[in-house]
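Below is structure-v5.txt, holding compact mmCIF, C-alpha atoms.
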# COMPACT_ATOMS: atom_id res chain seq x y z
CA MET I 1 -37.82 247.98 149.83
CA ILE I 2 -35.45 246.03 147.63
CA ALA I 3 -33.98 242.87 149.10
CA ILE I 4 -30.23 242.89 149.63
CA GLU I 5 -29.82 239.83 147.39
CA HIS I 6 -30.77 241.93 144.39
CA TYR I 7 -27.82 244.21 144.97
CA VAL I 8 -25.45 241.29 145.40
CA VAL I 9 -26.64 239.61 142.20
CA LEU I 10 -26.34 242.90 140.33
CA SER I 11 -22.78 243.34 141.57
CA ALA I 12 -21.96 239.80 140.44
CA VAL I 13 -23.31 240.56 136.97
CA ILE I 14 -21.29 243.78 136.71
CA PHE I 15 -18.19 241.92 137.92
CA LEU I 16 -18.66 239.26 135.25
CA VAL I 17 -18.98 241.88 132.53
CA GLY I 18 -15.82 243.63 133.74
CA GLY I 19 -13.87 240.39 133.95
CA PHE I 20 -14.95 239.43 130.45
CA GLY I 21 -13.72 242.78 129.17
CA PHE I 22 -10.41 242.40 130.95
CA LEU I 23 -9.86 238.98 129.43
CA VAL I 24 -11.01 239.77 125.90
CA ARG I 25 -10.01 243.33 125.10
CA ARG I 26 -6.40 244.08 124.23
CA ASN I 27 -6.46 247.83 124.41
CA VAL I 28 -4.60 248.63 127.59
CA LEU I 29 -6.84 251.58 128.41
CA VAL I 30 -9.97 249.44 128.11
CA ALA I 31 -8.36 246.74 130.26
CA LEU I 32 -7.72 249.36 132.92
CA MET I 33 -11.33 250.52 132.73
CA SER I 34 -12.51 246.92 133.05
CA ILE I 35 -10.58 246.61 136.29
CA GLU I 36 -12.40 249.69 137.50
CA VAL I 37 -15.73 248.12 136.55
CA MET I 38 -14.85 245.07 138.63
CA LEU I 39 -13.84 247.16 141.62
CA ASN I 40 -17.08 249.11 141.37
CA ALA I 41 -18.97 245.84 141.55
CA CYS I 42 -16.96 244.89 144.64
CA ASN I 43 -17.84 248.19 146.27
CA LEU I 44 -21.51 247.65 145.57
CA ALA I 45 -21.43 244.20 147.16
CA LEU I 46 -19.54 245.50 150.20
CA VAL I 47 -22.00 248.30 150.82
CA ALA I 48 -25.02 246.05 150.27
CA LEU I 49 -23.76 243.40 152.69
CA ASN I 50 -22.94 246.11 155.19
CA ARG I 51 -26.56 247.17 154.97
CA SER I 52 -27.70 243.72 156.03
CA ARG I 53 -25.27 243.41 158.93
CA LEU I 54 -25.90 246.50 160.95
CA GLY I 55 -25.36 244.99 164.37
CA ALA I 56 -22.68 246.92 166.16
CA ILE I 57 -19.77 244.69 167.09
CA GLY I 58 -17.20 246.49 169.14
CA GLN I 59 -17.56 249.78 167.35
CA SER I 60 -16.11 252.60 169.34
CA GLY I 61 -16.68 255.49 166.96
CA PHE I 62 -20.40 255.43 166.26
CA ALA I 63 -22.91 253.50 168.31
CA GLY I 64 -25.63 253.42 165.68
CA GLY I 65 -24.35 250.60 163.52
CA ASN I 66 -21.49 248.74 162.00
CA HIS I 67 -19.77 250.55 159.17
CA THR I 68 -17.15 247.96 158.31
CA GLY I 69 -18.22 247.33 154.73
CA GLN I 70 -18.53 250.99 153.93
CA VAL I 71 -15.12 251.77 155.39
CA PHE I 72 -13.68 248.92 153.36
CA ALA I 73 -15.30 250.32 150.22
CA PHE I 74 -13.81 253.71 151.06
CA PHE I 75 -10.32 252.25 151.17
CA VAL I 76 -10.99 250.34 147.98
CA ILE I 77 -11.75 253.66 146.32
CA ALA I 78 -8.51 255.14 147.67
CA ALA I 79 -6.45 252.19 146.43
CA GLU I 80 -8.25 252.39 143.10
CA ALA I 81 -7.25 256.01 142.61
CA ALA I 82 -3.60 255.12 143.21
CA GLU I 83 -3.86 252.12 140.90
CA VAL I 84 -5.35 254.10 138.04
CA ALA I 85 -2.71 256.81 138.33
CA VAL I 86 0.16 254.33 138.28
CA GLY I 87 -1.48 252.29 135.52
CA LEU I 88 -1.93 255.31 133.30
CA ALA I 89 1.69 256.31 133.86
CA ILE I 90 2.74 252.83 132.77
CA VAL I 91 0.48 253.12 129.71
CA LEU I 92 2.16 256.40 128.80
CA ALA I 93 5.63 254.92 129.21
CA PHE I 94 4.59 251.91 127.11
CA TYR I 95 3.18 254.16 124.42
CA ARG I 96 6.39 256.18 124.38
CA LEU I 97 8.34 252.97 123.86
CA ARG I 98 6.16 251.23 121.27
CA SER I 99 3.79 253.92 119.89
CA THR I 100 0.79 251.68 120.47
CA VAL I 101 -1.58 250.74 123.28
CA ARG I 102 -2.13 247.13 122.29
CA SER I 103 -1.24 244.78 125.09
CA ASP I 104 0.05 242.19 122.61
CA ASP I 105 2.93 244.50 121.79
CA ALA I 106 4.20 244.50 125.35
CA ASP I 107 6.66 241.69 124.68
CA LEU I 108 9.99 243.16 125.74
CA LEU I 109 10.65 240.24 128.08
CA LYS I 110 9.59 237.58 125.58
CA ASN I 111 12.88 236.73 123.88
CA MET R 1 -48.45 248.97 140.76
CA ILE R 2 -44.71 249.17 140.86
CA SER R 3 -43.38 251.16 143.71
CA LEU R 4 -40.98 254.04 143.37
CA ALA R 5 -38.12 252.31 145.17
CA VAL R 6 -38.33 249.29 142.90
CA ALA R 7 -38.42 251.47 139.79
CA TYR R 8 -35.42 253.44 141.08
CA PHE R 9 -33.46 250.28 141.76
CA TYR R 10 -34.13 248.73 138.39
CA GLY R 11 -33.43 251.98 136.57
CA CYS R 12 -30.07 252.33 138.28
CA ALA R 13 -29.31 248.64 137.77
CA LEU R 14 -30.07 248.79 134.05
CA ALA R 15 -27.93 251.92 133.70
CA ALA R 16 -25.07 250.23 135.56
CA ILE R 17 -25.20 247.12 133.39
CA ALA R 18 -25.48 249.21 130.23
CA GLY R 19 -22.48 251.28 131.30
CA SER R 20 -20.33 248.26 132.05
CA ILE R 21 -21.26 246.66 128.73
CA ALA R 22 -20.39 249.93 126.98
CA VAL R 23 -16.97 249.85 128.66
CA VAL R 24 -16.35 246.35 127.39
CA VAL R 25 -17.64 246.48 123.82
CA SER R 26 -16.87 249.98 122.56
CA ARG R 27 -13.91 250.28 120.23
CA ASN R 28 -13.23 253.91 120.99
CA PRO R 29 -11.76 254.37 124.49
CA THR R 30 -13.54 257.70 124.82
CA ARG R 31 -16.88 255.91 124.60
CA ALA R 32 -15.61 253.34 127.07
CA ALA R 33 -14.80 256.17 129.47
CA MET R 34 -18.31 257.53 129.01
CA GLY R 35 -19.70 254.08 129.81
CA LEU R 36 -17.55 254.01 132.93
CA LEU R 37 -18.97 257.39 133.90
CA LEU R 38 -22.52 256.06 133.51
CA LEU R 39 -21.63 253.03 135.63
CA VAL R 40 -20.06 255.17 138.35
CA ILE R 41 -23.02 257.53 138.56
CA SER R 42 -25.56 254.72 138.70
CA VAL R 43 -23.57 252.86 141.36
CA ALA R 44 -23.50 256.08 143.38
CA GLY R 45 -27.26 256.20 142.93
CA LEU R 46 -27.49 252.63 144.19
CA PHE R 47 -25.52 253.57 147.30
CA LEU R 48 -28.22 256.01 148.38
CA PRO R 49 -30.98 253.52 149.27
CA LEU R 50 -28.33 251.44 151.07
CA HIS R 51 -27.77 254.31 153.53
CA ALA R 52 -24.29 255.13 152.26
CA GLN R 53 -24.70 258.81 151.50
CA PHE R 54 -21.11 259.77 152.26
CA LEU R 55 -19.79 256.96 150.13
CA ALA R 56 -22.04 258.03 147.25
CA ALA R 57 -20.57 261.53 147.43
CA ILE R 58 -17.04 260.13 147.59
CA GLN R 59 -17.78 257.89 144.64
CA LEU R 60 -18.94 260.83 142.57
CA ILE R 61 -16.02 263.04 143.56
CA VAL R 62 -13.23 260.50 143.23
CA TYR R 63 -14.46 258.39 140.31
CA ALA R 64 -16.39 260.82 138.16
CA GLY R 65 -14.33 263.82 139.13
CA ALA R 66 -10.83 262.42 139.18
CA ILE R 67 -10.42 258.96 137.70
CA VAL R 68 -12.58 259.35 134.60
CA VAL R 69 -11.09 262.78 133.95
CA LEU R 70 -7.58 261.35 134.28
CA LEU R 71 -8.48 258.59 131.83
CA LEU R 72 -9.86 261.16 129.41
CA PHE R 73 -6.70 263.24 129.70
CA VAL R 74 -4.57 260.27 128.73
CA ILE R 75 -6.94 259.30 125.90
CA MET R 76 -6.83 262.83 124.51
CA MET R 77 -3.05 262.88 124.87
CA LEU R 78 -2.68 259.68 122.88
CA GLY R 79 -5.04 261.06 120.25
CA PRO R 80 -6.06 258.68 117.47
CA ASP R 81 -3.48 256.16 118.64
CA ALA R 82 -5.68 255.40 121.63
CA VAL R 83 -7.77 253.19 119.34
CA ALA R 84 -5.80 250.02 118.88
CA PRO R 85 -5.80 248.84 115.26
CA SER R 86 -8.01 245.88 114.51
CA ASP R 87 -6.17 242.60 114.50
CA ARG R 88 -7.69 239.15 114.41
CA ARG R 89 -4.76 237.23 115.80
CA GLY R 90 -5.46 235.42 119.03
CA LEU R 91 -9.08 236.42 119.02
CA VAL R 92 -10.36 232.86 119.37
CA VAL R 93 -8.23 232.07 122.41
CA ARG R 94 -9.27 235.31 124.02
CA ALA R 95 -12.96 234.79 123.31
CA VAL R 96 -12.84 231.23 124.62
CA GLY R 97 -11.14 232.40 127.82
CA GLY R 98 -13.64 235.19 128.38
CA THR R 99 -16.58 232.91 127.67
CA LEU R 100 -15.26 230.30 130.08
CA PHE R 101 -14.94 232.97 132.76
CA VAL R 102 -18.48 234.22 132.21
CA VAL R 103 -19.96 230.70 132.08
CA GLY R 104 -18.17 229.73 135.28
CA GLY R 105 -19.33 232.89 136.97
CA ILE R 106 -22.94 232.38 135.91
CA ALA R 107 -22.83 228.77 137.13
CA ALA R 108 -21.44 229.84 140.50
CA LEU R 109 -24.08 232.54 140.75
CA ALA R 110 -26.86 230.07 139.91
CA VAL R 111 -25.63 227.64 142.55
CA ALA R 112 -25.43 230.41 145.13
CA ILE R 113 -28.93 231.66 144.35
CA ARG R 114 -30.33 228.14 144.51
CA VAL R 115 -28.69 227.37 147.84
CA LEU R 116 -29.86 230.66 149.29
CA THR R 117 -33.44 230.21 148.13
CA GLU R 118 -33.55 226.66 149.43
CA ALA R 119 -32.23 227.73 152.78
CA HIS R 120 -35.07 230.26 153.10
CA ARG R 121 -32.89 232.59 155.01
CA PRO R 122 -32.97 235.94 153.26
CA LEU R 123 -30.36 238.48 154.15
CA PRO R 124 -31.71 240.73 156.87
CA SER R 125 -32.13 244.39 156.23
CA PRO R 126 -32.60 246.05 159.62
CA VAL R 127 -33.58 249.67 159.94
CA PRO R 128 -30.47 251.70 160.69
CA GLN R 129 -30.16 254.45 163.23
CA PRO R 130 -30.51 257.97 161.95
CA GLY R 131 -27.13 259.26 160.87
CA PHE R 132 -25.89 255.89 159.69
CA GLY R 133 -23.62 256.31 156.69
CA GLY R 134 -23.54 260.06 157.05
CA ILE R 135 -20.42 262.11 157.26
CA ASP R 136 -20.52 262.37 161.07
CA SER R 137 -20.56 258.66 161.79
CA PHE R 138 -18.21 257.84 158.93
CA GLY R 139 -15.68 260.46 159.98
CA SER R 140 -15.74 259.39 163.62
CA ILE R 141 -15.06 255.80 162.57
CA LEU R 142 -12.30 256.83 160.19
CA PHE R 143 -10.48 258.55 163.01
CA THR R 144 -11.03 255.96 165.72
CA ASP R 145 -11.30 252.39 164.49
CA ALA R 146 -9.88 252.85 161.02
CA VAL R 147 -7.17 255.37 161.74
CA VAL R 148 -4.28 253.03 160.90
CA PRO R 149 -5.55 252.12 157.41
CA LEU R 150 -6.40 255.78 156.88
CA GLU R 151 -2.81 256.81 157.49
CA LEU R 152 -1.56 253.87 155.45
CA SER R 153 -3.74 254.93 152.54
CA ALA R 154 -2.25 258.41 152.81
CA ALA R 155 1.20 256.84 152.51
CA LEU R 156 -0.04 254.74 149.59
CA LEU R 157 -1.25 257.80 147.73
CA LEU R 158 2.03 259.60 148.37
CA VAL R 159 4.04 256.65 147.05
CA ALA R 160 1.72 256.46 144.04
CA VAL R 161 2.28 260.13 143.24
CA VAL R 162 6.06 259.75 143.44
CA GLY R 163 5.90 256.59 141.34
CA VAL R 164 3.75 258.23 138.70
CA VAL R 165 6.20 261.11 138.38
CA ALA R 166 9.11 258.69 138.14
CA VAL R 167 7.44 256.45 135.56
CA ALA R 168 5.68 259.00 133.35
CA ARG R 169 8.71 261.27 133.13
CA GLY R 170 10.42 258.91 130.71
CA HIS R 171 13.45 256.77 131.06
CA VAL R 172 16.53 258.71 132.09
CA ARG R 173 19.46 256.86 130.58
CA SER R 174 22.11 257.44 133.17
CA THR R 175 22.49 260.14 135.75
CA ARG R 176 25.72 261.41 134.24
CA GLY R 177 24.91 261.26 130.55
CA ALA R 178 21.33 262.44 130.65
CA LEU R 179 22.13 265.72 132.31
CA ARG R 180 24.77 266.58 129.75
CA ASP R 181 23.14 265.37 126.58
CA PRO R 182 20.20 266.86 124.70
CA PRO R 183 17.39 264.36 125.30
CA ARG R 184 16.16 263.84 121.77
CA SER R 185 19.41 263.52 119.83
CA PRO R 186 19.88 260.32 117.81
CA PRO R 187 22.01 257.87 119.73
CA SER R 188 24.65 257.26 117.06
CA THR R 189 25.51 260.89 116.49
CA SER R 190 25.54 261.74 120.17
CA GLY R 191 27.89 258.87 120.79
CA ALA R 192 30.11 260.00 117.94
CA LEU R 193 30.13 263.54 119.21
CA ARG R 194 30.87 262.52 122.74
CA ASP R 195 33.65 260.12 121.93
CA PRO R 196 36.36 262.31 120.29
CA PRO R 197 37.17 264.40 123.38
CA ARG R 198 37.82 261.19 125.25
CA SER R 199 39.66 259.34 122.50
CA PRO R 200 43.00 261.28 122.36
CA PRO R 201 44.18 260.10 125.79
CA SER R 202 43.06 256.60 124.92
CA THR R 203 45.45 256.39 121.94
CA SER R 204 48.45 256.85 124.20
CA GLY R 205 47.52 254.27 126.77
CA ALA R 206 45.99 251.14 125.27
CA LEU R 207 45.41 249.62 128.69
CA ARG R 208 43.15 252.45 129.82
CA ASP R 209 41.00 252.29 126.71
CA PRO R 210 38.51 249.49 127.48
CA PRO R 211 37.29 250.81 130.85
CA SER R 212 36.77 254.30 129.45
CA ARG R 213 34.88 252.96 126.47
CA VAL R 214 32.59 250.65 128.35
CA PRO R 215 30.07 253.20 129.68
CA GLY R 216 29.67 254.80 126.26
CA ALA R 217 29.14 251.46 124.57
CA ALA R 218 26.66 250.40 127.20
CA THR R 219 24.50 253.48 126.84
CA GLU R 220 24.71 253.28 123.08
CA GLY R 221 23.59 249.67 123.06
CA ARG R 222 20.70 250.43 125.37
CA THR R 223 19.33 253.35 123.44
CA SER R 224 19.52 251.82 120.00
Once you've parsed the file, please lay out its structure as structure tokens.
Amino acid sequence: MIAIEHYVVLSAVIFLVGGFGFLVRRNVLVALMSIEVMLNACNLALVALNRSRLGAIGQSGFAGGNHTGQVFAFFVIAAEAAEVAVGLAIVLAFYRLRSTVRSDDADLLKN
Amino acid sequence: MISLAVAYFYGCALAAIAGSIAVVVSRNPTRAAMGLLLLVISVAGLFLPLHAQFLAAIQLIVYAGAIVVLLLFVIMMLGPDAVAPSDRRGLVVRAVGGTLFVVGGIAALAVAIRVLTEAHRPLPSPVPQPGFGGIDSFGSILFTDAVVPLELSAALLLVAVVGVVAVARGHVRSTRGALRDPPRSPPSTSGALRDPPRSPPSTSGALRDPPSRVPGAATEGRTS
């Protein structure tokens, strides 16, 4: 049996890698994927902490345990799907405007 | 003797870290998408010993089946332009910012680990009831306790679909001009072709000229 802290530390490490990629890379597609890496790390932490807090607190649906973290991770996945779709549409519109995917070239509001 | 559960955890953890590093360092976005796929599959594998079977299935279906495929579609559509050309400008600032973020995160993590180990209160891991995390319990919670966010997420996805269609379709210049004009004509010639039918009445009345010219000039200035 693996202790829950291992999962939390692993999710922190993955989050740090994703945040580093979001800050350093300037390809818009890679920045979008780094956001997904970070959200995956969040999901892992949510599910792991749900595993350690199983005591049912006012759950009406299922008496066998508290699913709050897992339900939260489920909605994170749903929001993530919407975010990726909208982000890719914005990338396409940006590419149509500038013929590049470098985020440095997105300077229409600069001057 | 290392147990099977420990070996499974560390295998999945190494695959997840390798996938996330591949996302960050690879120059080609296709390889980054493959790294994301590796990360997603190994995180789904990590969900299984945490008694989140339904969430593991959802992770595989939504991430590996929809999001990564959507990313690959866009990468293939952009073709070789998906690889941003190498440019050294601003690299130092970016690297310093990223390093500061990682150093701060590692420091916070070290402090948290130290406090937790000094407190000697490990996170409990009680044995769940059978059926925990399965599709029965998850579905019953989604339709009782979490029914409002479920419906709101449905609305969110609908709005996202409409927004994607509106954004990815391209900028429609104006509702009157875009329906009449061919979409890919150069702006100067289309303006010149559209102006002569309107110019003969404008020569007679000089006072009516500026308001009739203003929409044409505005669209011309925006498209150029």
Worksheet entry | Coordinates-based distance that separates atom CA of Gly45 of chain R from atom CA of Gly11 of chain R (Å, one decimal) |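 The value is 9.8 Å.
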Discussion item. Considering only C-alpha atoms, can you say which of I:Ser52, I:Asn111, I:Ser11, I:Ser103 comes closest to chain R?
Written reply: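 The closest residue to chain R is I:Ser52.
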Fill in: d(atom CA of Leu38 of chain R, atom CA of Asp136 of chain R) in Å
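Atom CA of Asp136 of chain R lies at a distance of 28.3 Å from atom CA of Leu38 of chain R.
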Fill in: Near-segment 89-101 of chain I list (12 Å; all atoms listed in the file; drop same-chain fewer than 6 positions) as a PyMOL selection string
(chain I and resi 25-32+82-83+107-108) or (chain R and resi 29+70-71+73-86+160-172+223-224)
Fill in: Nearest residue to chain I from the set R:Leu60, R:Ile41, R:Ala16, R:Val115 (distances using all atoms listed in the file)
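Under the stated criterion, the closest residue is R:Ala16.
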Discussion item. Report, in Å to a single decimal, how far apart atom CA of Val47 of chain I and atom CA of Gln70 of chain I are.
Written reply: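 According to the coordinates, atom CA of Gln70 of chain I and atom CA of Val47 of chain I are separated by 5.4 Å.
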Fill in: Phe74 of chain I surroundings by all atoms listed in the file, 10 Å radius, close-in-sequence under 4 positions cut, as a ChimeraX atom specification
/I:43,47,68-70,78-80 /R:54-55,58-59,138,142,150
Missing atoms in segment 76-89 of chain I need filling: write out N, CA and C atoms for it as a PDB file, keeping the file's coordinate frame.
ATOM      1  N   VAL I  76     -11.102 250.854 149.347  1.00  0.00           N
ATOM      2  CA  VAL I  76     -10.990 250.340 147.980  1.00  0.00           C
ATOM      3  C   VAL I  76     -10.950 251.487 146.976  1.00  0.00           C
ATOM      4  N   ILE I  77     -11.766 252.508 147.224  1.00  0.00           N
ATOM      5  CA  ILE I  77     -11.750 253.660 146.320  1.00  0.00           C
ATOM      6  C   ILE I  77     -10.395 254.356 146.360  1.00  0.00           C
ATOM      7  N   ALA I  78      -9.813 254.489 147.568  1.00  0.00           N
ATOM      8  CA  ALA I  78      -8.510 255.140 147.670  1.00  0.00           C
ATOM      9  C   ALA I  78      -7.436 254.352 146.928  1.00  0.00           C
ATOM     10  N   ALA I  79      -7.439 253.029 147.118  1.00  0.00           N
ATOM     11  CA  ALA I  79      -6.450 252.190 146.430  1.00  0.00           C
ATOM     12  C   ALA I  79      -6.665 252.233 144.924  1.00  0.00           C
ATOM     13  N   GLU I  80      -7.911 252.331 144.524  1.00  0.00           N
ATOM     14  CA  GLU I  80      -8.250 252.390 143.100  1.00  0.00           C
ATOM     15  C   GLU I  80      -7.694 253.645 142.448  1.00  0.00           C
ATOM     16  N   ALA I  81      -7.781 254.765 143.168  1.00  0.00           N
ATOM     17  CA  ALA I  81      -7.250 256.010 142.610  1.00  0.00           C
ATOM     18  C   ALA I  81      -5.744 255.880 142.375  1.00  0.00           C
ATOM     19  N   ALA I  82      -5.044 255.313 143.364  1.00  0.00           N
ATOM     20  CA  ALA I  82      -3.600 255.120 143.210  1.00  0.00           C
ATOM     21  C   ALA I  82      -3.306 254.172 142.050  1.00  0.00           C
ATOM     22  N   GLU I  83      -4.094 253.114 141.946  1.00  0.00           N
ATOM     23  CA  GLU I  83      -3.860 252.120 140.900  1.00  0.00           C
ATOM     24  C   GLU I  83      -4.053 252.713 139.508  1.00  0.00           C
ATOM     25  N   VAL I  84      -5.102 253.514 139.358  1.00  0.00           N
ATOM     26  CA  VAL I  84      -5.350 254.100 138.040  1.00  0.00           C
ATOM     27  C   VAL I  84      -4.236 255.084 137.672  1.00  0.00           C
ATOM     28  N   ALA I  85      -3.769 255.854 138.644  1.00  0.00           N
ATOM     29  CA  ALA I  85      -2.710 256.810 138.330  1.00  0.00           C
ATOM     30  C   ALA I  85      -1.445 256.099 137.889  1.00  0.00           C
ATOM     31  N   VAL I  86      -1.053 255.063 138.635  1.00  0.00           N
ATOM     32  CA  VAL I  86       0.160 254.330 138.280  1.00  0.00           C
ATOM     33  C   VAL I  86      -0.026 253.589 136.955  1.00  0.00           C
ATOM     34  N   GLY I  87      -1.222 253.013 136.768  1.00  0.00           N
ATOM     35  CA  GLY I  87      -1.480 252.290 135.520  1.00  0.00           C
ATOM     36  C   GLY I  87      -1.416 253.202 134.311  1.00  0.00           C
ATOM     37  N   LEU I  88      -1.963 254.401 134.440  1.00  0.00           N
ATOM     38  CA  LEU I  88      -1.930 255.310 133.300  1.00  0.00           C
ATOM     39  C   LEU I  88      -0.504 255.786 133.031  1.00  0.00           C
ATOM     40  N   ALA I  89       0.293 255.951 134.085  1.00  0.00           N
ATOM     41  CA  ALA I  89       1.690 256.310 133.860  1.00  0.00           C
ATOM     42  C   ALA I  89       2.424 255.199 133.119  1.00  0.00           C
TER      43      ALA I  89
END
